[in-house]
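**Q** Have a look at this one before I ask anything.
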Amino acid sequence: MKTNMTIQGFSERTGLPASTLRYYEKEGLLQPSHRADNGYRYYREDQIPSALKIHTLRQAGIGLIEIRHYLAADADGQAGWLRKWRQDVDAKLLALNVAKQYLDGVDSVDEHIRLVRWSQSTRMLWFRHRVKRQLHPFAQAMDESAAFLEKRGLLHAKEAYVRQERMIGDEMLGKVGFRLPLKSALPDEWKHETELEVELEVIQPTLFVTIDCLSTDPYACFSLMLVLQSFGFEPAGPNMERYQLHDKLHYQWMIPVVHGKETGPYTSDQ
């Protein structure tokens, strides 16, 4: 059995087109064992498993950069890459299942239910509030928190998020939050200028089911739970309400359904 093969012979042995082998060479994934003086490429018999593994990973949707890191890693490193890829595939399957649930349940005239993806990690700054239990209870808290940030030059917010947590008698506990630019720095001393509890949270890439709501609707929560049940969506964490500060009459109820690196043509970043 030959130990060295031309690119045509190696192509026949692996079943990979010569153009694919040249592409893998260009990308630094699979180099010929040597080149003859006439420029012909030659491959060794023991390169066949590597060529087939590279091509299999490509067919599984793995990117070239990650394959390059995988090939350069030791056994423990390669095991780590395989765990990561399995987790990524699981996340994609979950996202596809959510897409199917959405398409199965929505009709052509329903414009209130959508899928929204935050494709990057998001820094959220939360202010904890205790407010009176009433319709649209956090409206004033949103304005006060936004004004606090703007006055100190930390953020000029146009939108705010609310997480309602629990009720205590005739009061409600919850948080008002704001999305921060990824590279923004917050000085430590400003936290002491407010009596409110403040926390910084990093939300990983997330796929949300969102529903448009009216803040004047006292039965919104009940109606939304019925919608979730009808679609079969399973929340993957606490929901949020997204408000435009100039129009708090309308808000978007955001239910996280998948965490991870979701990608797909059926989502839209917000």
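Ligands are numbered from 1 in the order shown, chains are lettered A, B, ... in the order of the structure tokens, and residues start at 1 in each chain.
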Could you pull out the strand (DSSP E) residues of segment 74-196 of chain A, going by DSSP on the backbone, and write them as a compact mmCIF listing (two decimals) with all heavy atoms, in the first residue's frame?
**A**
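Once everything was written out, this is part_7.txt:
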# COMPACT_ATOMS: atom_id res chain seq x y z
N ILE A 113 -47.07 38.57 19.23
CA ILE A 113 -46.15 37.57 19.77
C ILE A 113 -44.95 37.45 18.83
O ILE A 113 -45.12 37.24 17.63
CB ILE A 113 -46.85 36.22 19.93
CG1 ILE A 113 -48.10 36.37 20.81
CG2 ILE A 113 -45.90 35.18 20.52
CD1 ILE A 113 -48.95 35.13 20.86
N ARG A 114 -43.76 37.56 19.39
CA ARG A 114 -42.55 37.53 18.56
C ARG A 114 -41.45 36.74 19.26
O ARG A 114 -41.52 36.47 20.45
CB ARG A 114 -42.04 38.94 18.27
CG ARG A 114 -43.06 39.84 17.58
CD ARG A 114 -42.46 41.22 17.32
NE ARG A 114 -43.43 42.12 16.71
CZ ARG A 114 -44.27 42.88 17.38
NH1 ARG A 114 -44.25 42.84 18.70
NH2 ARG A 114 -45.12 43.66 16.77
N LEU A 115 -40.41 36.41 18.49
CA LEU A 115 -39.17 35.87 19.03
C LEU A 115 -38.10 36.94 18.90
O LEU A 115 -37.95 37.54 17.84
CB LEU A 115 -38.75 34.61 18.28
CG LEU A 115 -39.72 33.42 18.32
CD1 LEU A 115 -39.14 32.25 17.53
CD2 LEU A 115 -40.01 33.00 19.75
N VAL A 116 -37.40 37.20 19.97
CA VAL A 116 -36.34 38.21 20.00
C VAL A 116 -35.09 37.58 20.59
O VAL A 116 -35.16 36.89 21.61
CB VAL A 116 -36.77 39.44 20.84
CG1 VAL A 116 -35.59 40.39 21.05
CG2 VAL A 116 -37.91 40.18 20.14
N ARG A 117 -33.97 37.82 19.95
CA ARG A 117 -32.72 37.26 20.43
C ARG A 117 -31.77 38.35 20.88
O ARG A 117 -31.55 39.32 20.17
CB ARG A 117 -32.03 36.46 19.32
CG ARG A 117 -30.74 35.76 19.77
CD ARG A 117 -30.03 35.07 18.62
NE ARG A 117 -29.43 36.03 17.71
CZ ARG A 117 -29.64 36.06 16.41
NH1 ARG A 117 -30.45 35.20 15.85
NH2 ARG A 117 -29.05 36.95 15.65
N TRP A 118 -31.21 38.20 22.06
CA TRP A 118 -30.05 38.97 22.48
C TRP A 118 -28.85 38.09 22.18
O TRP A 118 -28.59 37.11 22.88
CB TRP A 118 -30.12 39.30 23.97
CG TRP A 118 -31.11 40.37 24.30
CD1 TRP A 118 -31.98 40.97 23.44
CD2 TRP A 118 -31.36 40.97 25.58
NE1 TRP A 118 -32.76 41.90 24.08
CE2 TRP A 118 -32.39 41.92 25.40
CE3 TRP A 118 -30.81 40.78 26.84
CZ2 TRP A 118 -32.87 42.70 26.45
CZ3 TRP A 118 -31.29 41.55 27.90
CH2 TRP A 118 -32.30 42.50 27.70
N THR A 122 -25.24 40.60 27.86
CA THR A 122 -25.78 41.93 28.13
C THR A 122 -25.60 42.28 29.59
O THR A 122 -25.97 41.49 30.47
CB THR A 122 -27.27 41.99 27.76
OG1 THR A 122 -27.44 41.65 26.39
CG2 THR A 122 -27.83 43.39 28.00
N ARG A 123 -25.02 43.45 29.85
CA ARG A 123 -24.86 43.92 31.22
C ARG A 123 -26.10 44.71 31.61
O ARG A 123 -26.48 45.66 30.95
CB ARG A 123 -23.61 44.79 31.35
CG ARG A 123 -22.32 44.05 31.07
CD ARG A 123 -21.16 45.00 30.93
NE ARG A 123 -20.82 45.64 32.20
CZ ARG A 123 -20.43 46.90 32.33
NH1 ARG A 123 -20.37 47.68 31.26
NH2 ARG A 123 -20.11 47.38 33.50
N MET A 124 -26.72 44.30 32.73
CA MET A 124 -27.92 44.97 33.23
C MET A 124 -27.61 45.57 34.60
O MET A 124 -27.06 44.90 35.47
CB MET A 124 -29.07 43.97 33.36
CG MET A 124 -29.56 43.39 32.05
SD MET A 124 -30.46 44.57 31.03
CE MET A 124 -31.88 44.92 32.06
N LEU A 125 -27.98 46.82 34.76
CA LEU A 125 -27.86 47.50 36.05
C LEU A 125 -29.24 47.59 36.66
O LEU A 125 -30.15 48.18 36.08
CB LEU A 125 -27.26 48.89 35.86
CG LEU A 125 -27.03 49.70 37.14
CD1 LEU A 125 -25.95 49.03 37.99
CD2 LEU A 125 -26.62 51.13 36.80
N TRP A 126 -29.41 46.99 37.84
CA TRP A 126 -30.72 46.90 38.48
C TRP A 126 -30.77 47.76 39.74
O TRP A 126 -29.83 47.75 40.54
CB TRP A 126 -31.05 45.46 38.87
CG TRP A 126 -31.22 44.51 37.73
CD1 TRP A 126 -30.33 43.59 37.28
CD2 TRP A 126 -32.39 44.37 36.90
NE1 TRP A 126 -30.85 42.89 36.22
CE2 TRP A 126 -32.11 43.35 35.97
CE3 TRP A 126 -33.63 45.02 36.84
CZ2 TRP A 126 -33.03 42.95 35.00
CZ3 TRP A 126 -34.54 44.63 35.88
CH2 TRP A 126 -34.25 43.61 34.98
N PHE A 127 -31.90 48.47 39.93
CA PHE A 127 -32.21 49.20 41.16
C PHE A 127 -33.41 48.51 41.80
O PHE A 127 -34.46 48.38 41.17
CB PHE A 127 -32.57 50.66 40.87
CG PHE A 127 -31.43 51.49 40.33
CD1 PHE A 127 -31.12 51.47 38.97
CD2 PHE A 127 -30.68 52.29 41.18
CE1 PHE A 127 -30.08 52.24 38.47
CE2 PHE A 127 -29.64 53.07 40.68
CZ PHE A 127 -29.34 53.03 39.34
N ARG A 128 -33.25 48.11 43.04
CA ARG A 128 -34.37 47.44 43.72
C ARG A 128 -35.31 48.49 44.32
O ARG A 128 -34.86 49.45 44.95
CB ARG A 128 -33.84 46.53 44.82
CG ARG A 128 -34.92 45.63 45.43
CD ARG A 128 -34.30 44.62 46.39
NE ARG A 128 -33.42 43.72 45.67
CZ ARG A 128 -33.83 42.66 44.98
NH1 ARG A 128 -35.13 42.39 44.91
NH2 ARG A 128 -32.98 41.87 44.38
N HIS A 129 -36.62 48.29 44.11
CA HIS A 129 -37.63 49.22 44.58
C HIS A 129 -38.72 48.48 45.37
O HIS A 129 -39.03 47.32 45.08
CB HIS A 129 -38.29 49.96 43.40
CG HIS A 129 -37.41 50.95 42.74
ND1 HIS A 129 -37.37 52.28 43.10
CD2 HIS A 129 -36.53 50.81 41.71
CE1 HIS A 129 -36.51 52.93 42.33
NE2 HIS A 129 -36.00 52.06 41.47
N ARG A 130 -39.30 49.21 46.30
CA ARG A 130 -40.48 48.75 47.02
C ARG A 130 -41.56 49.78 46.77
O ARG A 130 -41.42 50.95 47.17
CB ARG A 130 -40.19 48.62 48.51
CG ARG A 130 -41.33 48.01 49.32
CD ARG A 130 -40.84 47.62 50.71
NE ARG A 130 -41.87 46.96 51.49
CZ ARG A 130 -41.63 46.11 52.47
NH1 ARG A 130 -40.37 45.83 52.80
NH2 ARG A 130 -42.62 45.55 53.15
N VAL A 131 -42.63 49.40 46.08
CA VAL A 131 -43.62 50.37 45.61
C VAL A 131 -45.01 49.95 46.06
O VAL A 131 -45.23 48.81 46.48
CB VAL A 131 -43.57 50.49 44.07
CG1 VAL A 131 -42.20 50.97 43.61
CG2 VAL A 131 -43.92 49.16 43.41
N LYS A 132 -45.92 50.89 45.93
CA LYS A 132 -47.32 50.63 46.28
C LYS A 132 -47.93 49.69 45.26
O LYS A 132 -47.70 49.79 44.06
CB LYS A 132 -48.11 51.93 46.32
CG LYS A 132 -49.56 51.77 46.75
CD LYS A 132 -50.26 53.13 46.81
CE LYS A 132 -51.72 52.96 47.21
NZ LYS A 132 -52.43 54.27 47.25
N GLU A 159 -34.92 53.46 27.52
CA GLU A 159 -35.79 52.35 27.85
C GLU A 159 -35.42 51.82 29.23
O GLU A 159 -34.33 52.07 29.73
CB GLU A 159 -35.67 51.23 26.81
CG GLU A 159 -34.29 50.61 26.74
CD GLU A 159 -34.20 49.49 25.71
OE1 GLU A 159 -35.07 49.42 24.82
OE2 GLU A 159 -33.25 48.70 25.80
N ALA A 160 -36.34 51.10 29.82
CA ALA A 160 -36.11 50.51 31.15
C ALA A 160 -36.79 49.15 31.19
O ALA A 160 -37.73 48.86 30.44
CB ALA A 160 -36.66 51.42 32.24
N TYR A 161 -36.29 48.33 32.10
CA TYR A 161 -36.81 46.97 32.27
C TYR A 161 -37.28 46.81 33.71
O TYR A 161 -36.72 47.40 34.63
CB TYR A 161 -35.73 45.93 31.95
CG TYR A 161 -35.30 45.96 30.50
CD1 TYR A 161 -34.40 46.92 30.06
CD2 TYR A 161 -35.81 45.05 29.58
CE1 TYR A 161 -34.00 46.96 28.73
CE2 TYR A 161 -35.42 45.09 28.26
CZ TYR A 161 -34.51 46.05 27.83
OH TYR A 161 -34.13 46.09 26.51
N VAL A 162 -38.30 45.99 33.89
CA VAL A 162 -38.85 45.75 35.22
C VAL A 162 -38.95 44.25 35.45
O VAL A 162 -39.40 43.50 34.57
CB VAL A 162 -40.25 46.39 35.38
CG1 VAL A 162 -40.90 45.94 36.68
CG2 VAL A 162 -40.14 47.91 35.33
N ARG A 163 -38.51 43.83 36.63
CA ARG A 163 -38.75 42.46 37.10
C ARG A 163 -39.56 42.55 38.38
O ARG A 163 -39.06 43.01 39.40
CB ARG A 163 -37.43 41.73 37.37
CG ARG A 163 -36.81 41.07 36.17
CD ARG A 163 -35.62 40.25 36.57
NE ARG A 163 -34.96 39.66 35.42
CZ ARG A 163 -33.73 39.18 35.45
NH1 ARG A 163 -33.03 39.23 36.58
NH2 ARG A 163 -33.20 38.65 34.37
N GLN A 164 -40.80 42.14 38.30
CA GLN A 164 -41.63 42.10 39.50
C GLN A 164 -41.32 40.80 40.25
O GLN A 164 -41.29 39.73 39.65
CB GLN A 164 -43.10 42.17 39.12
CG GLN A 164 -43.47 43.45 38.38
CD GLN A 164 -44.97 43.61 38.20
OE1 GLN A 164 -45.76 43.09 38.98
NE2 GLN A 164 -45.36 44.35 37.17
N GLU A 165 -41.08 40.93 41.57
CA GLU A 165 -40.63 39.77 42.33
C GLU A 165 -41.70 39.19 43.25
O GLU A 165 -42.06 38.03 43.13
CB GLU A 165 -39.37 40.14 43.12
CG GLU A 165 -38.19 40.47 42.20
CD GLU A 165 -36.94 40.83 42.95
OE1 GLU A 165 -37.04 41.39 44.06
OE2 GLU A 165 -35.84 40.56 42.42
N ARG A 166 -42.23 40.00 44.16
CA ARG A 166 -43.26 39.46 45.04
C ARG A 166 -44.06 40.60 45.68
O ARG A 166 -43.64 41.75 45.64
CB ARG A 166 -42.66 38.57 46.13
CG ARG A 166 -41.75 39.28 47.11
CD ARG A 166 -41.19 38.28 48.12
NE ARG A 166 -40.43 38.91 49.17
CZ ARG A 166 -39.15 39.22 49.08
NH1 ARG A 166 -38.49 38.97 47.97
NH2 ARG A 166 -38.53 39.78 50.10
N MET A 167 -45.19 40.23 46.26
CA MET A 167 -46.05 41.20 46.92
C MET A 167 -45.99 41.00 48.43
O MET A 167 -45.92 39.87 48.92
CB MET A 167 -47.49 41.05 46.43
CG MET A 167 -47.68 41.42 44.97
SD MET A 167 -49.37 41.17 44.38
CE MET A 167 -49.44 39.39 44.28
N ILE A 168 -45.96 42.11 49.15
CA ILE A 168 -45.97 42.09 50.61
C ILE A 168 -47.09 43.03 51.06
O ILE A 168 -46.92 44.25 51.05
CB ILE A 168 -44.62 42.53 51.20
CG1 ILE A 168 -43.50 41.65 50.68
CG2 ILE A 168 -44.67 42.51 52.72
CD1 ILE A 168 -42.12 42.06 51.16
N GLU A 171 -47.90 46.30 49.14
CA GLU A 171 -46.70 46.75 48.46
C GLU A 171 -46.14 45.65 47.56
O GLU A 171 -46.44 44.48 47.72
CB GLU A 171 -45.63 47.19 49.47
CG GLU A 171 -46.01 48.43 50.26
CD GLU A 171 -44.89 48.87 51.18
OE1 GLU A 171 -44.27 47.98 51.81
OE2 GLU A 171 -44.63 50.08 51.28
N MET A 172 -45.30 46.08 46.62
CA MET A 172 -44.66 45.15 45.70
C MET A 172 -43.15 45.37 45.73
O MET A 172 -42.69 46.51 45.81
CB MET A 172 -45.17 45.34 44.27
CG MET A 172 -46.64 45.03 44.08
SD MET A 172 -47.13 45.17 42.35
CE MET A 172 -46.18 43.83 41.62
N LEU A 173 -42.40 44.26 45.64
CA LEU A 173 -40.95 44.33 45.52
C LEU A 173 -40.58 43.98 44.09
O LEU A 173 -41.15 43.08 43.47
CB LEU A 173 -40.28 43.35 46.48
CG LEU A 173 -40.38 43.64 47.97
CD1 LEU A 173 -39.61 42.59 48.76
CD2 LEU A 173 -39.85 45.03 48.29
N GLY A 174 -39.61 44.70 43.56
CA GLY A 174 -39.16 44.44 42.20
C GLY A 174 -37.92 45.24 41.87
O GLY A 174 -37.37 45.96 42.71
N LYS A 175 -37.46 45.10 40.64
CA LYS A 175 -36.25 45.77 40.20
C LYS A 175 -36.51 46.52 38.91
O LYS A 175 -37.25 46.05 38.05
CB LYS A 175 -35.12 44.76 39.99
CG LYS A 175 -34.71 44.02 41.25
CD LYS A 175 -33.47 43.15 41.03
CE LYS A 175 -33.75 41.99 40.12
NZ LYS A 175 -32.59 41.06 40.06
N VAL A 176 -35.88 47.68 38.80
CA VAL A 176 -35.87 48.46 37.56
C VAL A 176 -34.47 48.40 37.00
O VAL A 176 -33.49 48.68 37.71
CB VAL A 176 -36.28 49.93 37.81
CG1 VAL A 176 -36.07 50.77 36.56
CG2 VAL A 176 -37.74 50.00 38.26
N GLY A 177 -34.35 48.00 35.74
CA GLY A 177 -33.03 47.79 35.16
C GLY A 177 -32.80 48.53 33.86
O GLY A 177 -33.74 48.96 33.18
N PHE A 178 -31.51 48.67 33.52
CA PHE A 178 -31.09 49.36 32.31
C PHE A 178 -29.94 48.59 31.67
O PHE A 178 -29.04 48.10 32.36
CB PHE A 178 -30.62 50.79 32.65
CG PHE A 178 -31.66 51.61 33.35
CD1 PHE A 178 -31.75 51.59 34.74
CD2 PHE A 178 -32.57 52.38 32.64
CE1 PHE A 178 -32.71 52.33 35.41
CE2 PHE A 178 -33.55 53.11 33.30
CZ PHE A 178 -33.61 53.09 34.69
N ARG A 179 -29.99 48.49 30.33
CA ARG A 179 -28.91 47.83 29.61
C ARG A 179 -27.72 48.79 29.52
O ARG A 179 -27.86 49.94 29.11
CB ARG A 179 -29.36 47.44 28.21
CG ARG A 179 -30.43 46.37 28.19
CD ARG A 179 -30.93 46.08 26.80
NE ARG A 179 -29.95 45.39 25.98
CZ ARG A 179 -30.20 44.94 24.75
NH1 ARG A 179 -31.39 45.15 24.19
NH2 ARG A 179 -29.29 44.30 24.06
N LEU A 180 -26.55 48.28 29.86
CA LEU A 180 -25.34 49.09 29.83
C LEU A 180 -24.50 48.74 28.61
O LEU A 180 -24.45 47.58 28.20
CB LEU A 180 -24.51 48.85 31.09
CG LEU A 180 -25.13 49.25 32.43
CD1 LEU A 180 -24.19 48.86 33.56
CD2 LEU A 180 -25.42 50.74 32.47
**Q** Based on the backbone DSSP call, show me all residues of segment 7-153 of chain A assigned alpha helix (DSSP H), as a PyMOL selection string.
**A** chain A and resi 7-14+18-26+48-59+64-72+75-105+139-151
**Q** Using C-alpha atoms, can you export the residues from the last selection as a PDB file, in the first residue's frame?
**A**
ATOM      1  CA  ILE A   7      -3.756  14.964  -4.232  1.00  0.00           C
ATOM      2  CA  GLN A   8      -5.781  12.962  -6.774  1.00  0.00           C
ATOM      3  CA  GLY A   9      -4.927   9.692  -5.050  1.00  0.00           C
ATOM      4  CA  PHE A  10      -5.612  11.149  -1.614  1.00  0.00           C
ATOM      5  CA  SER A  11      -8.930  12.463  -2.917  1.00  0.00           C
ATOM      6  CA  GLU A  12      -9.886   8.990  -4.097  1.00  0.00           C
ATOM      7  CA  ARG A  13      -8.945   7.416  -0.760  1.00  0.00           C
ATOM      8  CA  THR A  14     -10.832   9.960   1.361  1.00  0.00           C
ATOM      9  CA  ALA A  18      -9.274  17.989  -4.494  1.00  0.00           C
ATOM     10  CA  SER A  19     -10.740  21.500  -4.221  1.00  0.00           C
ATOM     11  CA  THR A  20     -11.786  20.739  -0.625  1.00  0.00           C
ATOM     12  CA  LEU A  21      -8.293  19.478   0.228  1.00  0.00           C
ATOM     13  CA  ARG A  22      -6.766  22.648  -1.229  1.00  0.00           C
ATOM     14  CA  TYR A  23      -9.221  24.714   0.842  1.00  0.00           C
ATOM     15  CA  TYR A  24      -8.261  22.898   4.050  1.00  0.00           C
ATOM     16  CA  GLU A  25      -4.620  23.516   3.209  1.00  0.00           C
ATOM     17  CA  LYS A  26      -5.280  27.222   2.637  1.00  0.00           C
ATOM     18  CA  ILE A  48      -6.459  10.059   6.058  1.00  0.00           C
ATOM     19  CA  PRO A  49      -8.063   9.960   9.562  1.00  0.00           C
ATOM     20  CA  SER A  50      -7.247  13.663  10.115  1.00  0.00           C
ATOM     21  CA  ALA A  51      -8.725  14.653   6.755  1.00  0.00           C
ATOM     22  CA  LEU A  52     -11.926  12.723   7.444  1.00  0.00           C
ATOM     23  CA  LYS A  53     -12.228  14.115  10.985  1.00  0.00           C
ATOM     24  CA  ILE A  54     -11.843  17.697   9.756  1.00  0.00           C
ATOM     25  CA  HIS A  55     -14.469  17.169   7.083  1.00  0.00           C
ATOM     26  CA  THR A  56     -16.849  15.476   9.523  1.00  0.00           C
ATOM     27  CA  LEU A  57     -16.565  18.374  11.970  1.00  0.00           C
ATOM     28  CA  ARG A  58     -17.269  20.797   9.132  1.00  0.00           C
ATOM     29  CA  GLN A  59     -20.389  18.832   8.184  1.00  0.00           C
ATOM     30  CA  LEU A  64     -12.826  26.631  10.935  1.00  0.00           C
ATOM     31  CA  ILE A  65     -11.281  28.577  13.814  1.00  0.00           C
ATOM     32  CA  GLU A  66     -12.658  26.186  16.427  1.00  0.00           C
ATOM     33  CA  ILE A  67     -11.503  23.154  14.421  1.00  0.00           C
ATOM     34  CA  ARG A  68      -8.029  24.686  14.253  1.00  0.00           C
ATOM     35  CA  HIS A  69      -7.969  25.071  18.045  1.00  0.00           C
ATOM     36  CA  TYR A  70      -9.306  21.544  18.468  1.00  0.00           C
ATOM     37  CA  LEU A  71      -6.565  20.009  16.314  1.00  0.00           C
ATOM     38  CA  ALA A  72      -3.872  21.917  18.216  1.00  0.00           C
ATOM     39  CA  ALA A  75      -6.502  15.117  24.737  1.00  0.00           C
ATOM     40  CA  ASP A  76      -8.075  17.056  27.631  1.00  0.00           C
ATOM     41  CA  GLY A  77      -8.436  20.144  25.468  1.00  0.00           C
ATOM     42  CA  GLN A  78     -10.111  18.197  22.685  1.00  0.00           C
ATOM     43  CA  ALA A  79     -12.516  16.653  25.200  1.00  0.00           C
ATOM     44  CA  GLY A  80     -13.395  20.171  26.340  1.00  0.00           C
ATOM     45  CA  TRP A  81     -14.101  21.275  22.780  1.00  0.00           C
ATOM     46  CA  LEU A  82     -16.359  18.264  22.246  1.00  0.00           C
ATOM     47  CA  ARG A  83     -18.329  19.109  25.420  1.00  0.00           C
ATOM     48  CA  LYS A  84     -18.723  22.693  24.225  1.00  0.00           C
ATOM     49  CA  TRP A  85     -19.953  21.594  20.792  1.00  0.00           C
ATOM     50  CA  ARG A  86     -22.484  19.202  22.323  1.00  0.00           C
ATOM     51  CA  GLN A  87     -23.814  22.042  24.478  1.00  0.00           C
ATOM     52  CA  ASP A  88     -24.010  24.332  21.440  1.00  0.00           C
ATOM     53  CA  VAL A  89     -25.980  21.715  19.491  1.00  0.00           C
ATOM     54  CA  ASP A  90     -28.353  21.229  22.435  1.00  0.00           C
ATOM     55  CA  ALA A  91     -28.959  25.000  22.523  1.00  0.00           C
ATOM     56  CA  LYS A  92     -29.628  25.075  18.777  1.00  0.00           C
ATOM     57  CA  LEU A  93     -32.094  22.201  19.090  1.00  0.00           C
ATOM     58  CA  LEU A  94     -33.911  24.049  21.869  1.00  0.00           C
ATOM     59  CA  ALA A  95     -34.058  27.179  19.723  1.00  0.00           C
ATOM     60  CA  LEU A  96     -35.405  25.209  16.773  1.00  0.00           C
ATOM     61  CA  ASN A  97     -38.048  23.659  19.010  1.00  0.00           C
ATOM     62  CA  VAL A  98     -39.095  27.131  20.181  1.00  0.00           C
ATOM     63  CA  ALA A  99     -39.292  28.253  16.542  1.00  0.00           C
ATOM     64  CA  LYS A 100     -41.508  25.276  15.723  1.00  0.00           C
ATOM     65  CA  GLN A 101     -43.757  25.975  18.700  1.00  0.00           C
ATOM     66  CA  TYR A 102     -44.064  29.590  17.568  1.00  0.00           C
ATOM     67  CA  LEU A 103     -44.832  28.726  13.936  1.00  0.00           C
ATOM     68  CA  ASP A 104     -47.311  26.025  14.958  1.00  0.00           C
ATOM     69  CA  GLY A 105     -49.188  28.369  17.287  1.00  0.00           C
ATOM     70  CA  ALA A 139     -43.802  53.808  36.457  1.00  0.00           C
ATOM     71  CA  GLN A 140     -42.413  56.407  38.863  1.00  0.00           C
ATOM     72  CA  ALA A 141     -39.536  54.125  39.912  1.00  0.00           C
ATOM     73  CA  MET A 142     -38.392  53.903  36.286  1.00  0.00           C
ATOM     74  CA  ASP A 143     -38.267  57.691  35.929  1.00  0.00           C
ATOM     75  CA  GLU A 144     -36.463  58.147  39.244  1.00  0.00           C
ATOM     76  CA  SER A 145     -33.829  55.516  38.451  1.00  0.00           C
ATOM     77  CA  ALA A 146     -33.243  56.871  34.943  1.00  0.00           C
ATOM     78  CA  ALA A 147     -32.943  60.429  36.293  1.00  0.00           C
ATOM     79  CA  PHE A 148     -30.423  59.244  38.900  1.00  0.00           C
ATOM     80  CA  LEU A 149     -28.187  57.765  36.191  1.00  0.00           C
ATOM     81  CA  GLU A 150     -28.500  60.719  33.825  1.00  0.00           C
ATOM     82  CA  LYS A 151     -27.779  63.299  36.530  1.00  0.00           C
TER      83      LYS A 151
END
**Q** Mind pulling up the distance from atom CA of Gln252 of chain A to atom CA of Gly237 of chain A?
**A**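 Between atom CA of Gly237 of chain A and atom CA of Gln252 of chain A the gap is 16.2 Å.
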**Q** Of the candidates A:Leu182, A:Glu195, A:Lys158, A:Glu201, which one gets nearest to His246 of chain A if we count only C-alpha atoms?
**A**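 Using only C-alpha atoms, His246 of chain A sits closest to A:Lys158.
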**Q** Record the distance separating atom CA of Thr216 of chain A and atom CA of Ile203 of chain A, expressed in Å with one decimal.
**A** 28.6 Å
**Q** Atom CA of Asp247 of chain A to atom CA of Phe222 of chain A: how many Å, to one decimal?
**A**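 It comes out at 22.9 Å.
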